[in-house]
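Here's the structure we're looking at; comments come further down.
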Amino acid sequence: MQTSFTPAQLEDPHVAESEKILRRCVHCGFCTATCPTYVTLGNELDSPRGRIYLIKDMLENDRPADEEVVTHIDRCLSCLSCVTTCPSGVDYMHLVDHARIHIENTYKRPLPDRLIRNLLAAVLPYPARFRAALALAKIARPFAPLLKGIRVLKPLGAMLELAPKSAKRAATVAESDAVPPKAEKRGRVAILSGCAQPVLDPEINVATIRLLTRFGIEIAAPKGEGCCGALVHHMGREEQALTFARRNVDAWMAEVEAGGLDAIIVTTSGCGTTIKDYGHMLRLDPAYAEKAARVSTLAKDITEYLATLDLPKLEAQKLTVAYHSACSLQHGQKITMPPKTLLKTAGFTVRDPAEGHLCCGSAGTYNILQSEISTQLKSRKVKNIEATKPDVIAAGNIGCITQIGSGTEIPILHTVQLLDWAYGGPKPAAISQKR
Amino acid sequence: MLIPHSETDAAYVIRTAASEGKTLALCGGNTRSGFGNAVEAAETVSSRGLTGIVDYDPGEMVMTVRAGTPAAEVEAALAQNRQMMAFEPMDHRGIMATTGEPTIGGVFAANVSGPRRLIAGAARDSLLGIRFVNGSGEIIRAGGRVMKNVTGLDLVKLLAGSFGTLGFLTEVTFRVLPVPPSIETIVIADLDDEQATNAMAAAMALPVEVSAAAHLPPTVRHHFLDGALPGSAATVLRLEGLSASVAVRAEKLAAVMQAFGSVTRLGMEESKTLWREISDVKPYAGIAEKPLWRVSVAPTTGHRLVAALRLEAGIDAFYDWQGGLVWMRMEAEPEAALVREQIHILGTGHATLMRAPAAMRPETPAFEPLPAAIAALSARVKQKLDPVGIFSPGRMG
Amino acid sequence: MSEAIQFLPPRPSVLARRDTIISDLLDLLPPECVVHEARALVPFETDAFISYRRLPLAVVLPKNTAQVAAVMKYCHRAGIPVVPRGAGTSLSGGAIPQEDAIVLGLSRMSRIIELDYANRTATVQAGVTNLSISEAVATDGFFYAPDPSSQLACTIGGNIGMNSGGAHCLKYGVTTNNLLGVKMVLVDGTVIELGGKHLDAAGYDLLGLVCGSEGQLGIVTEATVRLIAKPEGARPVLFGFDTSEEAGSCVADIIGSGIIPVAIEFMDKPAIEICEAFAKAGYPLDVGALLIVEVEGSEAEMDATLASIVEIARRHGVKTVRECQSATEAALIWKGRKSAFGATGRIADYICMDGTVPLGKLSYVLEETSKIVERFGLRVANVFHAGDGNMHPLILFNANDPEEAAKAEEAGNEILKLCVDAGGCLTGEHGVGIEKRDLMRHQYSDAELAQQMTVRAAFDEGWLLNPSKVFPLEGRA
């Protein structure tokens with residue numbers, strides 16, 4: 001579509017990039033139909049097309065963000081369903097990233113909002129702080145309804161409700177050590193240990209390590225790796241995000257140079273989308289551009305990597321799995337078939353819930369910051385999943401697992417946990433307990 | 001009767017009448033003039049002088065004809081090219097006890113259709129374009145000769161089924177379809193009205209493309225095919241298409257219908273005759289004394305309507321359109337209030353009194369009375385096309 | 001932004017009352033149903049015809065018919081124009097507002113009210129998307145036939161406004177042939193119901209008149225549509241030809257032979273390349289023109305029909321014939337076709353024409369279209385419903401170059417006039433909207449336009465409903 005930027009504006013590489021993205025949009029409106037917030041709220045302003053228009057208007061006029069724009073950009077889940085739908089190839093992801101940075105730089109949020117965002121940014125990316133916070137949350141949980149009743153404290157209430165009710169069993173394998181393969185060596189990978197996932201469910205990476213080593217993969221242990229930066233990236237806190245990104249690039253590149261890496265395995269698809277975007281995020285940093293691009297090509301979702309290992313076909317078993325396709329996997333990384341194929345190969349019966357393209361409402365910190373919309377999306381998702389009458393739900397992202405798990409009695413596991421079990425690992429506790 | 005021989009003449013006649021405030025009853029071949037309420041007009045204008053096929057390219061499946069052309073002539077020209085009007089227009093001469101030649105203009109002015117209405121639409125759905133003279137004597141074109149056309153307001157639909165009250169049709173352009181090379185009818189014997197309704201609904205939900213579905217209760221069955229239909233009541237389902245395909249679909253349909261009753265099959269020639277007889281309402285043809293209703297309701301409510309009415313009046317009925325078109329012959333009075341009340345109790349629909357003894361007609365509105373807001377809207381629409389109110393006054397009012 | 005087409009000048013008396021009007025609307029509707037902040041109005045300034053834009057006075061997003069009626073009653077009394085909007089996917093600018101108008105969006109009325117399989121009807125709110133009806137009934141073996149390319153997003157209300165068609169209407173007809181009834185709000189707030197689950201209207205066919213009236217006769221809030229049993233199978237087949245002429249004459253011959261496939265879609269070389277880049281459907285890239293012919297029924301039936309079609313295609317020098325092997329493949333073939341317009345956005349801005357011509361004129365009009373576009377120094381991609389002669393030349397241009405944008409518009413106008421002169425019409429399924437309004441005189445005489453406008457006036461004497469659209473501004477009563 002037509003844009004009007006001055007040559008001076010276009011000298012800013014971020015603006016220049018956004019201009020190119022905007023030019024692709026033909027305003028056809030297809031994206032509205034698959035956008036979870038438009039489907040829920042029915043307002044053009046809460047659709048990708050509406051947001052694109054708001055962003056265009058803001059950027060063209062060099063205007064600081066205002067409440068109206070912020071409200072509607074904040075409601076975006078960054079699920080990227082619109083990107084899958086868009087026939088014109090509009091790169092909405094990088095446009096909304098730019099808008100979030102612009103908001104962070106030009107808009108002063110009301111105090112309670114600022115506090116909660118600062119809190120999230122200061123806690124979630126750091127496992128030790130997050131673990132401590134969860135302990136506190138257990139004590140504070142009874143206050144959740146009270147907090148939710150006070151408008152500005154709603155996010156706190158939501159946060160408490162989402163905190164897992166029971167402590168997870170401690171991991172049996174230390175994550176910081178390298179692990180040799182248990183079969184003839186076929187490859188060497190690093191596994192992102194990340195930030196929130198090991199706190200919420202350490203079992204996921206433990207299962208991943210078991211499964212990979214069983215098939216001859218050596219697990220490297222890069223030093224100094226941590227949060228991928230996605231959480232703060234989606235809050236528009238670009239410098240903080242880039243700091244995380246640079247640190248991880250350093251950690252992995254050191255490992256690449258030391259022992260070589262076939263892949264950087266990501267078991268939290270939300271992180272995967274961001275790491276695969278490091279090349280883009282750091283493109284303007286001459287010191288990192290090339291290394292970051294290398295890291296992005298090495299980054300692989302666990303199912304994407306497993307699909308290359310040609311795992312043996314197992315006999316069919318009775319368990320029916322509803323596969324929930326995390327947005328970051330299906331829209332962000334365009335990985336749709338491998339997880340289902342792997343599960344089927346491992347003998348599970350796989351069901352696709354209706355409206356699979358719609359987000360479950362987790363979306364990083366979205367279920368805390370936008371708890372009302374998030375809750376509506378959660379019920380819709382759970383209803384669709386339960387309609388398939390599964391024994392267990394599989395998903396590839398800890399955010400979805402926590403979100404959906406808080407709305408249903410059906411056990412929910414990471415895809416890799418089911419695969420590990422099928423290929424000889426211990427039966428996941430969630431299934432043993434429920435059955 | 002005035003019979004203009006050109007569109008220009010027709011426009012002149014109407015313009016003159018409008019300036020004098022002289023009312024005109026509009027007609028074609030007059031075989032459907034009994035439709036609606038009595039018309040009191042100073043003069044009758046017929047389109048029968050406007051004849052001839054203007055344009056027909058079988059390759060494009062579109063025909064343009066002057067309005068007064070006999071429908072039979074149109075059908076013959078189409079048949080030569082193995083084509084037909086998909087909506088299967090019924091011939092009203094039987095039930096209206098009229099003589100003469102139905103015109104193609106009359107077919108569209110009355111939005112006539114037959115059994116295939118169920119899947120192929122009524123006359124209005126095939127009508128692509130018209131030329132007509134409005135009540136001010138202006139010649140107006142609407143629509144065109146292409147299948148898809150949303151250029152401006154669809155006056156074509158408005159004029160179709162306006163029974164000569166909005167404009168004088170001079171030319172019609174309509175879509176035609178190839179004649180199906182093969183036809184078969186599945187007959188299910190001895191179902192009561194409700195069972196038949198369920199059977200027809202089940203048949204229409206199958207992927208076999210049933211092109212017509214009718215139920216002929218015991219009182220009418222013997223009128224069809226000279227009494228050759230088996231059993232006491234006959235529920236009939238038609239399949240059309242390429243012969244190989246019809247054979248396959250007939251097998252599938254018969255297999256499913258066996259659950260409802262004993263199934264027999266009719267071949268091509270018998271099928272043609274049967275559906276022509278259903279279309280033309282053979283059981284109620286020629287007996288002009290008893291009131292005859294044509295009721296359109298949701299398919300599953302047709303038999304419930306009849307059952308409800310039977311508690312209060314003597315009626316005989318049979319069903320087309322999967323049960324949604326009910327032809328009802330009353331034994332005595334038209335019972336208009338009763339009929340219309342029941343329709344609204346059961347859902348949406350409308351009843352048209354096709355014929356009744358002369359004495360009963362003035363007190364019974366032939367067409368379904370409309371809710372006030374829609375009646376007012378309709379009156380305004382009529383006023384815009386016929387500002388002086390000269391066309392067929394009273395017929396639809 | 002283009003300026004060649006004028007909007008009605010805003011009514012100063014309405015603009016002057018802006019604040020009062022907004023506070024009145026806030027009295028009528030819950031606050032989340034009224035959009036009035038300046039910034040928030042911007043995304044409503046256009047639809048999918050983005051060459052033209054106007055900010056509305058306010059936007060209302062009612063949740064039910066009663067709220068729609070309240071808004072209409074108020075606007076009627078206060079003399080405020082109203083522009084209805086479904087999903088805003090109009091390619092003719094049907095939902096573009098004007099400065100003194102309230103946009104009445106139906107997007108919040110998106111509930112399926114009733115599915116009645118025995119009577120084969122679906123009753124839905126106007127904001128339900130076209131595709132979601134078919135999705136809701138698919139597992140029970142039914143579908144809703146009209147399938148405009150934007151069916152993923154466009155609403156039934158909008159479909160009724162534009163009498164939308166689609167690829168499969170060659171066999172099943174367009175919206176008007178599949179619409180049984182509506183609930184609608186008249187300009188003064190009166191709620192009426194036309195039709196229902198029965199066939200044919202009592203009285204005048206007002207339902208037929210409303211369908212395709214582009215939001216000028218009232219606001220449809222609910223619709224009852226016809227469902228059809230899904231055929232046993234459907235198979236799209238790709239036929240590649242060296243030239244558009246061969247493909248065009250093949251279409252005329254298929255139809256002429258008495259075979260009516262469910263759909264016959266045409267793509268020329270540029271369109272094939274654009275769609276393949278997005279959908280990766282396996283369209284042949286070494287041909288000059290492509291037909292997608294879909295047949296349906298049982299396997300035996302499809303085989304028989306296809307054999308006849310293949311034979312006709314061979315007579316016209318078909319170069320490649322590809323039958324698709326799976327449902328996934330079939331879905332991709334249709335995804336590519338249905339995304340054609342949007343996918344064009346990958347290479348250029350475009351405007352999409354919608355003229356319909358008699359089948360025998362297809363090749364001639366295609367050829368002349370190329371000449372016209374070349375004369376303006378522009379490029380064109382053709383992708384359209386060949387079976388019913390409904391052409392969609394996409395004129396490619398650069399929207400940031402005002403001169404080129406103006407040329408594209410002029411070329412478009414010439415193409416549409418060509419369609420009319422060839423015995424066709426300006427628009428087959430997209431509607432007149434603002435885009436083709438000033439060309440109406442090329443198709444209709446003054447008396448004919450006046451007649452349409454007087455009939456329009458029977459519904460909306462004061463030109464409050466979508467007033468800048470359909471009818472040329474000069475010569476209005």
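Numbering starts fresh at 1 for the residues of each chain in the structure tokens, the chains themselves are lettered A, B, ... in the order given, and ligands are numbered from 1 as they appear.
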
Using only C-alpha atoms, which chain C residues lie at most 8 Å away from chain A, written as a PyMOL selection string? chain C and resi 1+37+39-40+42-44+47-50+61+87-89+107-108+129+150+152-153+278+339-340+342-349+399-400

Restricting the output to N, CA and C atoms, write the selected residues as an mmCIF file, in the first residue's frame.
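Saved the output as out.cif:
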data_model
loop_
_atom_site.group_PDB
_atom_site.id
_atom_site.type_symbol
_atom_site.label_atom_id
_atom_site.label_comp_id
_atom_site.auth_asym_id
_atom_site.auth_seq_id
_atom_site.Cartn_x
_atom_site.Cartn_y
_atom_site.Cartn_z
ATOM 1 N N MET C 1 -2.730 8.976 -2.410
ATOM 2 C CA MET C 1 -4.164 8.716 -2.466
ATOM 3 C C MET C 1 -4.734 9.305 -3.754
ATOM 4 N N GLU C 37 -12.000 8.176 19.103
ATOM 5 C CA GLU C 37 -10.734 8.891 19.207
ATOM 6 C C GLU C 37 -10.125 9.042 17.814
ATOM 7 N N ARG C 39 -7.142 8.989 16.533
ATOM 8 C CA ARG C 39 -6.183 7.970 16.094
ATOM 9 C C ARG C 39 -6.868 6.658 15.745
ATOM 10 N N ALA C 40 -7.860 6.324 16.563
ATOM 11 C CA ALA C 40 -8.502 5.022 16.421
ATOM 12 C C ALA C 40 -9.372 4.950 15.173
ATOM 13 N N VAL C 42 -8.493 6.046 12.230
ATOM 14 C CA VAL C 42 -7.681 5.918 11.011
ATOM 15 C C VAL C 42 -7.783 4.529 10.359
ATOM 16 N N PRO C 43 -7.688 3.443 11.127
ATOM 17 C CA PRO C 43 -7.767 2.129 10.479
ATOM 18 C C PRO C 43 -9.112 1.840 9.800
ATOM 19 N N PHE C 44 -10.101 2.676 10.039
ATOM 20 C CA PHE C 44 -11.398 2.456 9.394
ATOM 21 C C PHE C 44 -11.563 3.301 8.140
ATOM 22 N N ASP C 47 -11.109 0.229 2.912
ATOM 23 C CA ASP C 47 -11.277 -1.229 2.941
ATOM 24 C C ASP C 47 -10.194 -1.834 2.061
ATOM 25 N N ALA C 48 -10.516 -2.833 1.239
ATOM 26 C CA ALA C 48 -9.463 -3.421 0.403
ATOM 27 C C ALA C 48 -9.286 -2.659 -0.914
ATOM 28 N N PHE C 49 -10.009 -1.545 -1.066
ATOM 29 C CA PHE C 49 -9.805 -0.670 -2.222
ATOM 30 C C PHE C 49 -9.058 0.556 -1.696
ATOM 31 N N ILE C 50 -7.753 0.389 -1.483
ATOM 32 C CA ILE C 50 -7.027 1.372 -0.680
ATOM 33 C C ILE C 50 -6.623 2.633 -1.421
ATOM 34 N N LEU C 61 -19.808 -0.409 16.791
ATOM 35 C CA LEU C 61 -19.690 -1.863 16.620
ATOM 36 C C LEU C 61 -20.744 -2.545 17.486
ATOM 37 N N ALA C 87 -16.318 -7.092 6.974
ATOM 38 C CA ALA C 87 -14.915 -7.301 7.307
ATOM 39 C C ALA C 87 -14.031 -6.291 6.599
ATOM 40 N N GLY C 88 -14.637 -5.413 5.816
ATOM 41 C CA GLY C 88 -13.830 -4.417 5.108
ATOM 42 C C GLY C 88 -12.932 -5.036 4.054
ATOM 43 N N THR C 89 -13.468 -6.023 3.319
ATOM 44 C CA THR C 89 -12.671 -6.666 2.273
ATOM 45 C C THR C 89 -13.113 -6.251 0.879
ATOM 46 N N SER C 107 -18.896 -6.561 12.798
ATOM 47 C CA SER C 107 -17.924 -7.604 13.140
ATOM 48 C C SER C 107 -18.183 -8.258 14.495
ATOM 49 N N ARG C 108 -18.918 -7.574 15.354
ATOM 50 C CA ARG C 108 -19.194 -8.194 16.664
ATOM 51 C C ARG C 108 -20.392 -9.123 16.613
ATOM 52 N N THR C 129 -18.262 -14.997 9.190
ATOM 53 C CA THR C 129 -17.530 -15.056 7.931
ATOM 54 C C THR C 129 -18.092 -16.160 7.038
ATOM 55 N N SER C 150 -12.184 -14.105 -0.892
ATOM 56 C CA SER C 150 -11.913 -13.587 0.447
ATOM 57 C C SER C 150 -12.742 -14.314 1.497
ATOM 58 N N LEU C 152 -12.383 -16.486 3.597
ATOM 59 C CA LEU C 152 -11.789 -16.653 4.918
ATOM 60 C C LEU C 152 -12.197 -15.495 5.825
ATOM 61 N N ALA C 153 -12.234 -14.299 5.266
ATOM 62 C CA ALA C 153 -12.430 -13.101 6.085
ATOM 63 C C ALA C 153 -13.769 -12.405 5.872
ATOM 64 N N PHE C 278 3.417 -18.032 -3.655
ATOM 65 C CA PHE C 278 2.810 -18.049 -2.325
ATOM 66 C C PHE C 278 2.383 -19.453 -1.898
ATOM 67 N N SER C 339 -5.827 -16.874 -3.076
ATOM 68 C CA SER C 339 -4.939 -15.861 -2.514
ATOM 69 C C SER C 339 -4.338 -14.989 -3.607
ATOM 70 N N ALA C 340 -4.802 -15.187 -4.839
ATOM 71 C CA ALA C 340 -4.141 -14.530 -5.976
ATOM 72 C C ALA C 340 -4.011 -13.021 -5.791
ATOM 73 N N GLY C 342 -4.147 -11.063 -3.016
ATOM 74 C CA GLY C 342 -3.215 -10.703 -1.956
ATOM 75 C C GLY C 342 -1.780 -11.013 -2.336
ATOM 76 N N ALA C 343 -1.593 -12.190 -2.959
ATOM 77 C CA ALA C 343 -0.238 -12.602 -3.300
ATOM 78 C C ALA C 343 0.395 -11.647 -4.301
ATOM 79 N N THR C 344 -0.442 -10.985 -5.080
ATOM 80 C CA THR C 344 0.066 -10.010 -6.035
ATOM 81 C C THR C 344 0.792 -8.882 -5.298
ATOM 82 N N GLY C 345 0.371 -8.649 -4.058
ATOM 83 C CA GLY C 345 1.014 -7.625 -3.250
ATOM 84 C C GLY C 345 2.506 -7.874 -3.058
ATOM 85 N N ARG C 346 2.941 -9.105 -3.288
ATOM 86 C CA ARG C 346 4.374 -9.406 -3.164
ATOM 87 C C ARG C 346 5.198 -8.715 -4.236
ATOM 88 N N ILE C 347 4.559 -8.466 -5.390
ATOM 89 C CA ILE C 347 5.368 -7.875 -6.461
ATOM 90 C C ILE C 347 4.990 -6.433 -6.784
ATOM 91 N N ALA C 348 3.783 -6.022 -6.468
ATOM 92 C CA ALA C 348 3.383 -4.654 -6.810
ATOM 93 C C ALA C 348 2.073 -4.299 -6.128
ATOM 94 N N ASP C 349 1.741 -2.998 -6.192
ATOM 95 C CA ASP C 349 0.389 -2.603 -5.823
ATOM 96 C C ASP C 349 -0.510 -2.959 -7.006
ATOM 97 N N ALA C 399 2.064 2.388 -6.004
ATOM 98 C CA ALA C 399 1.153 3.331 -5.337
ATOM 99 C C ALA C 399 1.868 4.585 -4.856
ATOM 100 N N ASN C 400 3.199 4.503 -4.719
ATOM 101 C CA ASN C 400 3.933 5.689 -4.272
ATOM 102 C C ASN C 400 4.281 6.620 -5.437
#

Using only C-alpha atoms, determine which residues lie at most 7 Å from segment 374-388 of chain A, disregarding the query and same-chain residues fewer than 6 positions distant; provide the list as a list in words. Ala322, Arg351, Pro353, Ala354, Cys359, Cys360, Gly361, Ser362, Tyr366, Asn367, Ile404, Gly407 and Thr408 of chain A

Please, could you write that set of residues out with N, CA and C atoms as a compact mmCIF listing (two decimals), in the first residue's frame?
# COMPACT_ATOMS: atom_id res chain seq x y z
N ALA A 322 -3.81 -35.19 21.86
CA ALA A 322 -4.24 -33.98 21.15
C ALA A 322 -2.99 -33.13 21.01
N ARG A 351 -4.49 -36.34 17.41
CA ARG A 351 -5.69 -35.58 17.01
C ARG A 351 -5.33 -34.11 16.85
N PRO A 353 -6.92 -30.57 17.20
CA PRO A 353 -8.10 -29.85 17.66
C PRO A 353 -8.53 -28.79 16.63
N ALA A 354 -9.83 -28.48 16.63
CA ALA A 354 -10.34 -27.43 15.74
C ALA A 354 -9.69 -26.09 16.10
N CYS A 359 -4.25 -18.91 19.00
CA CYS A 359 -3.37 -18.91 20.16
C CYS A 359 -4.13 -19.34 21.42
N CYS A 360 -3.42 -19.98 22.36
CA CYS A 360 -4.05 -20.38 23.62
C CYS A 360 -4.09 -19.23 24.62
N GLY A 361 -3.43 -18.11 24.26
CA GLY A 361 -3.48 -16.95 25.13
C GLY A 361 -2.29 -16.82 26.06
N SER A 362 -1.37 -17.75 25.96
CA SER A 362 -0.20 -17.69 26.84
C SER A 362 0.72 -16.56 26.41
N TYR A 366 1.86 -12.41 28.14
CA TYR A 366 0.52 -11.92 27.77
C TYR A 366 -0.53 -12.34 28.78
N ASN A 367 -0.41 -13.60 29.26
CA ASN A 367 -1.45 -14.06 30.19
C ASN A 367 -1.39 -13.34 31.53
N ILE A 404 -2.51 -23.91 29.17
CA ILE A 404 -3.56 -24.90 28.93
C ILE A 404 -3.72 -25.78 30.17
N GLY A 407 -6.11 -24.90 32.74
CA GLY A 407 -7.54 -24.85 32.39
C GLY A 407 -8.17 -26.20 32.15
N THR A 408 -7.40 -27.27 32.32
CA THR A 408 -7.97 -28.58 32.06
C THR A 408 -7.39 -29.63 33.00

To one decimal in Å, tell me the separation between atom CA of Ser328 of chain A and atom CA of Glu60 of chain A. 29.5 Å

Residues at most 10 Å from Arg77 of chain C, counting only C-alpha atoms, excluding those fewer than 3 positions away in the same chain, as a list of chain:residue names?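 Contacts, with the query itself left out: C:Val71, C:Met72, C:Lys73, C:Tyr74, C:Ile80, C:Val187, C:Asp188, C:Gly189.
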
For Asn111 of chain B, please output as a list of chain:residue names all residues within 10 Å (counting only C-alpha atoms; exclusion window: fewer than 5 positions along the same chain). B:Phe87, B:Pro89, B:Gly105, B:Gly106, B:Ala122, B:Ala123, B:Arg124, B:Asp125, B:Leu127, B:Lys157, B:Leu159, B:Ala160, B:Gly161, B:Ser162, B:Phe163, C:Asp200, C:Asp205
